[in-house]
>>> print(open('protein.txt').read())   # compact mmCIF, C-alpha atoms and all ligand atoms
# COMPACT_ATOMS: atom_id res chain seq x y z
CA MET M 29 103.54 171.13 113.97
CA ALA M 30 103.45 174.08 111.69
CA LEU M 31 102.73 172.85 108.22
CA LYS M 32 100.74 175.44 106.32
CA ILE M 33 99.56 176.04 102.79
CA GLU M 34 101.02 179.21 101.33
CA GLN M 35 99.08 180.97 98.59
CA THR M 36 100.98 183.26 96.26
CA ALA M 37 100.30 184.86 92.88
CA TRP M 38 101.79 181.71 91.31
CA GLY M 39 99.65 179.18 93.15
CA VAL M 40 99.57 177.26 96.41
CA ALA M 41 102.26 175.16 98.03
CA PRO M 42 102.97 173.66 101.44
CA VAL M 43 105.43 175.47 103.66
CA ILE M 44 106.97 174.55 107.00
CA ILE M 45 106.84 177.29 109.62
CA CYS M 46 109.38 177.57 112.44
CA ASP M 47 107.64 176.93 115.75
CA GLN M 48 109.97 179.39 117.48
CA CYS M 49 110.08 182.50 115.26
CA GLY M 50 107.06 181.94 113.01
CA ASP M 51 108.96 182.44 109.75
CA PRO M 52 108.98 179.85 106.95
CA ILE M 53 111.90 177.44 106.73
CA ARG M 54 112.91 177.98 103.10
CA ASP M 55 115.94 175.66 103.00
CA ALA M 56 115.80 172.16 104.51
CA ARG M 57 119.50 172.46 105.38
CA ASP M 58 118.58 175.32 107.74
CA GLY M 59 115.92 173.40 109.64
CA ASN M 60 115.35 170.76 112.26
CA TYR M 61 112.40 168.73 113.34
CA GLN M 62 112.10 168.15 117.04
CA TRP M 63 110.07 166.11 119.45
CA GLN M 64 109.85 165.80 123.20
CA ALA M 65 112.10 163.17 124.71
CA GLY M 66 109.42 162.08 127.13
CA ASP M 67 109.77 160.17 130.36
CA ALA M 68 109.71 156.42 129.74
CA GLU M 69 108.90 155.71 133.40
CA HIS M 70 105.76 157.84 133.30
CA ASP M 71 104.83 157.36 129.67
CA PRO M 72 101.16 156.29 129.58
CA ASP M 73 101.91 154.30 126.41
CA ARG M 74 104.67 152.17 127.96
CA PRO M 75 103.96 148.44 128.01
CA ARG M 76 102.82 146.93 131.30
CA ASP M 77 103.70 143.42 132.35
CA GLY M 78 102.47 140.98 129.73
CA GLU M 79 101.68 143.69 127.19
CA THR M 80 103.27 144.06 123.80
CA ALA M 81 105.17 147.29 123.31
CA MET M 82 103.22 149.77 121.23
CA PRO M 83 104.87 152.62 119.39
CA THR M 84 104.89 155.90 121.25
CA ARG M 85 104.06 159.02 119.28
CA ARG M 86 105.11 162.58 119.85
CA PHE M 87 104.08 165.70 117.99
CA ALA M 88 106.74 167.06 115.65
CA PHE M 89 107.87 170.66 115.86
CA PHE M 90 109.97 172.53 113.33
CA THR M 91 112.72 175.06 113.96
CA HIS M 92 115.40 176.93 112.09
CA LYS M 93 118.75 175.70 113.34
CA ALA M 94 119.36 179.10 114.94
CA CYS M 95 115.97 178.89 116.69
CA SER M 96 116.45 175.36 118.04
CA GLY M 97 118.27 176.44 121.23
CA PRO M 98 115.79 179.16 122.21
CA PHE M 99 112.90 176.79 121.38
CA GLU M 100 114.28 174.12 123.72
CA GLN M 101 115.19 176.58 126.49
CA ALA M 102 111.64 177.94 126.49
CA ARG M 103 110.27 174.39 126.84
CA GLY M 104 112.21 172.66 129.58
CA GLY M 105 115.77 172.73 128.19
CA ALA M 106 117.79 170.76 125.67
CA ALA M 107 117.59 167.51 127.66
CA GLU M 108 113.83 167.46 127.08
CA TRP M 109 114.09 167.47 123.29
CA TYR M 110 115.39 165.40 120.42
CA ALA M 111 116.28 167.08 117.13
CA MET M 112 117.04 165.77 113.67
CA GLU M 113 117.94 167.43 110.40
CA LEU M 114 114.89 168.51 108.43
CA SER M 115 116.57 167.20 105.28
CA ASP M 116 116.36 163.68 106.79
CA LEU M 117 112.63 163.92 107.48
CA LEU M 118 111.22 163.99 103.97
CA PRO M 119 112.93 160.81 102.67
CA MET M 120 111.80 158.91 105.77
CA LEU M 121 108.29 160.30 105.52
CA ALA M 122 108.12 159.43 101.82
CA ALA M 123 109.12 155.86 102.64
CA ARG M 124 106.51 155.61 105.44
CA LEU M 125 103.87 156.85 102.98
CA ARG M 126 104.99 154.41 100.31
CA LEU M 127 106.01 157.22 97.94
CA VAL M 128 109.52 155.92 97.37
CA GLY M 129 110.03 154.99 93.76
CA ARG M 130 107.11 157.06 92.50
CA VAL M 131 107.49 160.17 90.39
ZN ZN C 201 112.97 180.27 113.36
>>> encode(input="protein.txt", output="structure tokens")
Amino acid sequence: MALKIEQTAWGVAPVIICDQCGDPIRDARDGNYQWQAGDAEHDPDRPRDGETAMPTRRFAFFTHKACSGPFEQARGGAAEWYAMELSDLLPMLAARLRLVGRV
């Protein structure tokens, strides 16, 4: 996950860096977040008999839309990865962090 703090002459601000090309993603509409699909059969977090299912967690990676294909191909192929629009991430993250409704 490439979340960095960028310092400029005007101050500091968080920036998301593409995990494929290393450049900042400046427009959420041009970015994805991705995570490994995983193998449910061999997932060490899968519930065993009599156990309650626990959430599985995967690291998030960020890519420009144009970098998504090369990113996946270099890491096992498209079938190994899920991808969602970066513009969908921030509202969901804000809700998970209880920031919805705050200014
Ligand atoms: Zn990129």
>>> residues_near_ligand(input="protein.txt", ligand="ligand ZN 201 (chain C)", cutoff="9 Å", atoms="only C-alpha atoms and all ligand atoms", output="CSV table (one decimal) with C-alpha atoms, keeping the file's coordinate frame")
chain,number,residue,atom,x,y,z
M,45,ILE,CA,106.8,177.3,109.6
M,46,CYS,CA,109.4,177.6,112.4
M,47,ASP,CA,107.6,176.9,115.8
M,48,GLN,CA,110.0,179.4,117.5
M,49,CYS,CA,110.1,182.5,115.3
M,50,GLY,CA,107.1,181.9,113.0
M,51,ASP,CA,109.0,182.4,109.8
M,52,PRO,CA,109.0,179.8,107.0
M,53,ILE,CA,111.9,177.4,106.7
M,59,GLY,CA,115.9,173.4,109.6
M,90,PHE,CA,110.0,172.5,113.3
M,91,THR,CA,112.7,175.1,114.0
M,92,HIS,CA,115.4,176.9,112.1
M,93,LYS,CA,118.8,175.7,113.3
M,94,ALA,CA,119.4,179.1,114.9
M,95,CYS,CA,116.0,178.9,116.7
M,96,SER,CA,116.4,175.4,118.0
M,99,PHE,CA,112.9,176.8,121.4
>>> atom_distance(input="protein.txt", atom1="atom CA of Lys32 of chain M", atom2="atom CA of Ala65 of chain M")
24.9 Å
>>> residues_near_point(input="protein.txt", point="(100.4, 175.3, 107.6)", cutoff="8 Å", atoms="only C-alpha atoms", output="JSON list (two decimals) with C-alpha atoms, keeping the file's coordinate frame")
[["chain", "number", "residue", "atom", "x", "y", "z"],
["M", 30, "ALA", "CA", 103.45, 174.08, 111.69],
["M", 31, "LEU", "CA", 102.73, 172.85, 108.22],
["M", 32, "LYS", "CA", 100.74, 175.44, 106.32],
["M", 33, "ILE", "CA", 99.56, 176.04, 102.79],
["M", 34, "GLU", "CA", 101.02, 179.21, 101.33],
["M", 42, "PRO", "CA", 102.97, 173.66, 101.44],
["M", 43, "VAL", "CA", 105.43, 175.47, 103.66],
["M", 44, "ILE", "CA", 106.97, 174.55, 107.00],
["M", 45, "ILE", "CA", 106.84, 177.29, 109.62]]
>>> atom_distance(input="protein.txt", atom1="atom CA of Arg86 of chain M", atom2="atom CA of Ala56 of chain M")
21.0 Å
>>> atom_distance(input="protein.txt", atom1="atom CA of Tyr61 of chain M", atom2="atom CA of Glu108 of chain M")
13.9 Å
>>> closest_residue(input="protein.txt", among="M:Trp109, M:Met82, M:Ala88, M:Ser115", to="Arg57 of chain M", atoms="only C-alpha atoms")
M:Ser115
>>> closest_residue(input="protein.txt", among="M:Leu125, M:Phe87, M:Gln64, M:Ala41", to="Arg103 of chain M", atoms="only C-alpha atoms")
M:Gln64
>>> residues_around(input="protein.txt", residues="Asp116 of chain M", least_positions_apart="3", cutoff="12 Å", atoms="only C-alpha atoms", output="PyMOL selection string")
chain M and resi 56-62+111-113+119-123
>>> decode(input="protein.txt", residues="segment 33-128 of chain M", atoms="C-alpha atoms", output="compact mmCIF listing (two decimals), in the first residue's frame")
# COMPACT_ATOMS: atom_id res chain seq x y z
CA ILE M 33 2.91 12.19 2.78
CA GLU M 34 3.93 14.69 0.14
CA GLN M 35 5.65 17.88 1.26
CA THR M 36 5.51 20.88 -1.03
CA ALA M 37 6.15 24.61 -0.67
CA TRP M 38 2.47 24.95 0.30
CA GLY M 39 2.44 22.32 3.04
CA VAL M 40 2.00 18.59 3.48
CA ALA M 41 -0.75 16.33 2.21
CA PRO M 42 -1.33 12.61 1.76
CA VAL M 43 -0.87 11.18 -1.72
CA ILE M 44 -1.56 7.73 -3.14
CA ILE M 45 1.28 6.26 -5.18
CA CYS M 46 0.73 3.74 -7.97
CA ASP M 47 2.26 0.41 -6.96
CA GLN M 48 3.13 -0.31 -10.59
CA CYS M 49 4.72 2.88 -11.97
CA GLY M 50 5.53 4.77 -8.77
CA ASP M 51 3.81 7.99 -9.84
CA PRO M 52 1.10 9.68 -7.75
CA ILE M 53 -2.53 9.03 -8.63
CA ARG M 54 -3.78 12.61 -8.93
CA ASP M 55 -7.37 11.87 -9.97
CA ALA M 56 -9.44 9.21 -8.18
CA ARG M 57 -11.24 8.50 -11.47
CA ASP M 58 -7.91 7.33 -12.90
CA GLY M 59 -7.16 4.86 -10.11
CA ASN M 60 -8.01 1.47 -8.73
CA TYR M 61 -7.39 -0.27 -5.48
CA GLN M 62 -6.58 -3.93 -5.72
CA TRP M 63 -6.15 -6.91 -3.48
CA GLN M 64 -5.19 -10.53 -3.96
CA ALA M 65 -8.09 -12.87 -4.56
CA GLY M 66 -6.56 -15.53 -2.35
CA ASP M 67 -7.26 -19.22 -2.25
CA ALA M 68 -10.17 -19.99 0.09
CA GLU M 69 -9.16 -23.66 0.32
CA HIS M 70 -5.69 -22.81 1.60
CA ASP M 71 -6.50 -19.59 3.41
CA PRO M 72 -5.06 -19.89 6.94
CA ASP M 73 -7.88 -17.64 8.19
CA ARG M 74 -10.70 -19.86 6.89
CA PRO M 75 -13.00 -21.24 9.58
CA ARG M 76 -12.49 -24.85 10.62
CA ASP M 77 -15.31 -27.09 11.70
CA GLY M 78 -17.10 -25.52 14.65
CA GLU M 79 -15.33 -22.17 14.28
CA THR M 80 -17.00 -18.88 13.56
CA ALA M 81 -15.92 -17.26 10.32
CA MET M 82 -13.49 -14.43 10.90
CA PRO M 83 -12.92 -11.69 8.36
CA THR M 84 -9.99 -12.25 6.06
CA ARG M 85 -7.74 -9.29 5.36
CA ARG M 86 -5.60 -8.55 2.36
CA PHE M 87 -3.19 -5.70 1.79
CA ALA M 88 -4.49 -3.03 -0.57
CA PHE M 89 -2.47 -1.93 -3.57
CA PHE M 90 -3.10 1.10 -5.74
CA THR M 91 -2.74 1.42 -9.50
CA HIS M 92 -3.54 3.84 -12.27
CA LYS M 93 -6.15 2.23 -14.49
CA ALA M 94 -3.58 1.95 -17.27
CA CYS M 95 -1.15 0.25 -14.87
CA SER M 96 -3.65 -2.28 -13.51
CA GLY M 97 -3.09 -4.87 -16.27
CA PRO M 98 0.72 -4.81 -16.09
CA PHE M 99 0.51 -4.88 -12.27
CA GLU M 100 -1.63 -8.03 -12.34
CA GLN M 101 0.40 -9.73 -15.08
CA ALA M 102 3.58 -9.24 -13.06
CA ARG M 103 1.90 -10.84 -10.02
CA GLY M 104 0.22 -14.02 -11.17
CA GLY M 105 -2.32 -12.70 -13.70
CA ALA M 106 -5.72 -11.05 -13.62
CA ALA M 107 -7.43 -14.07 -12.03
CA GLU M 108 -5.32 -13.55 -8.91
CA TRP M 109 -6.55 -10.01 -8.28
CA TYR M 110 -9.68 -8.07 -7.50
CA ALA M 111 -9.91 -4.39 -8.43
CA MET M 112 -12.33 -1.63 -7.52
CA GLU M 113 -12.58 2.01 -8.46
CA LEU M 114 -10.47 4.24 -6.24
CA SER M 115 -13.36 6.71 -6.12
CA ASP M 116 -15.39 4.04 -4.27
CA LEU M 117 -12.73 3.48 -1.61
CA LEU M 118 -12.80 6.78 0.23
CA PRO M 119 -16.56 6.86 1.00
CA MET M 120 -16.39 3.28 2.29
CA LEU M 121 -13.28 4.02 4.32
CA ALA M 122 -14.86 7.15 5.77
CA ALA M 123 -17.88 5.11 6.85
CA ARG M 124 -15.67 2.40 8.44
CA LEU M 125 -13.82 5.14 10.34
CA ARG M 126 -17.07 6.77 11.45
CA LEU M 127 -16.30 9.98 9.55
CA VAL M 128 -19.57 10.05 7.66
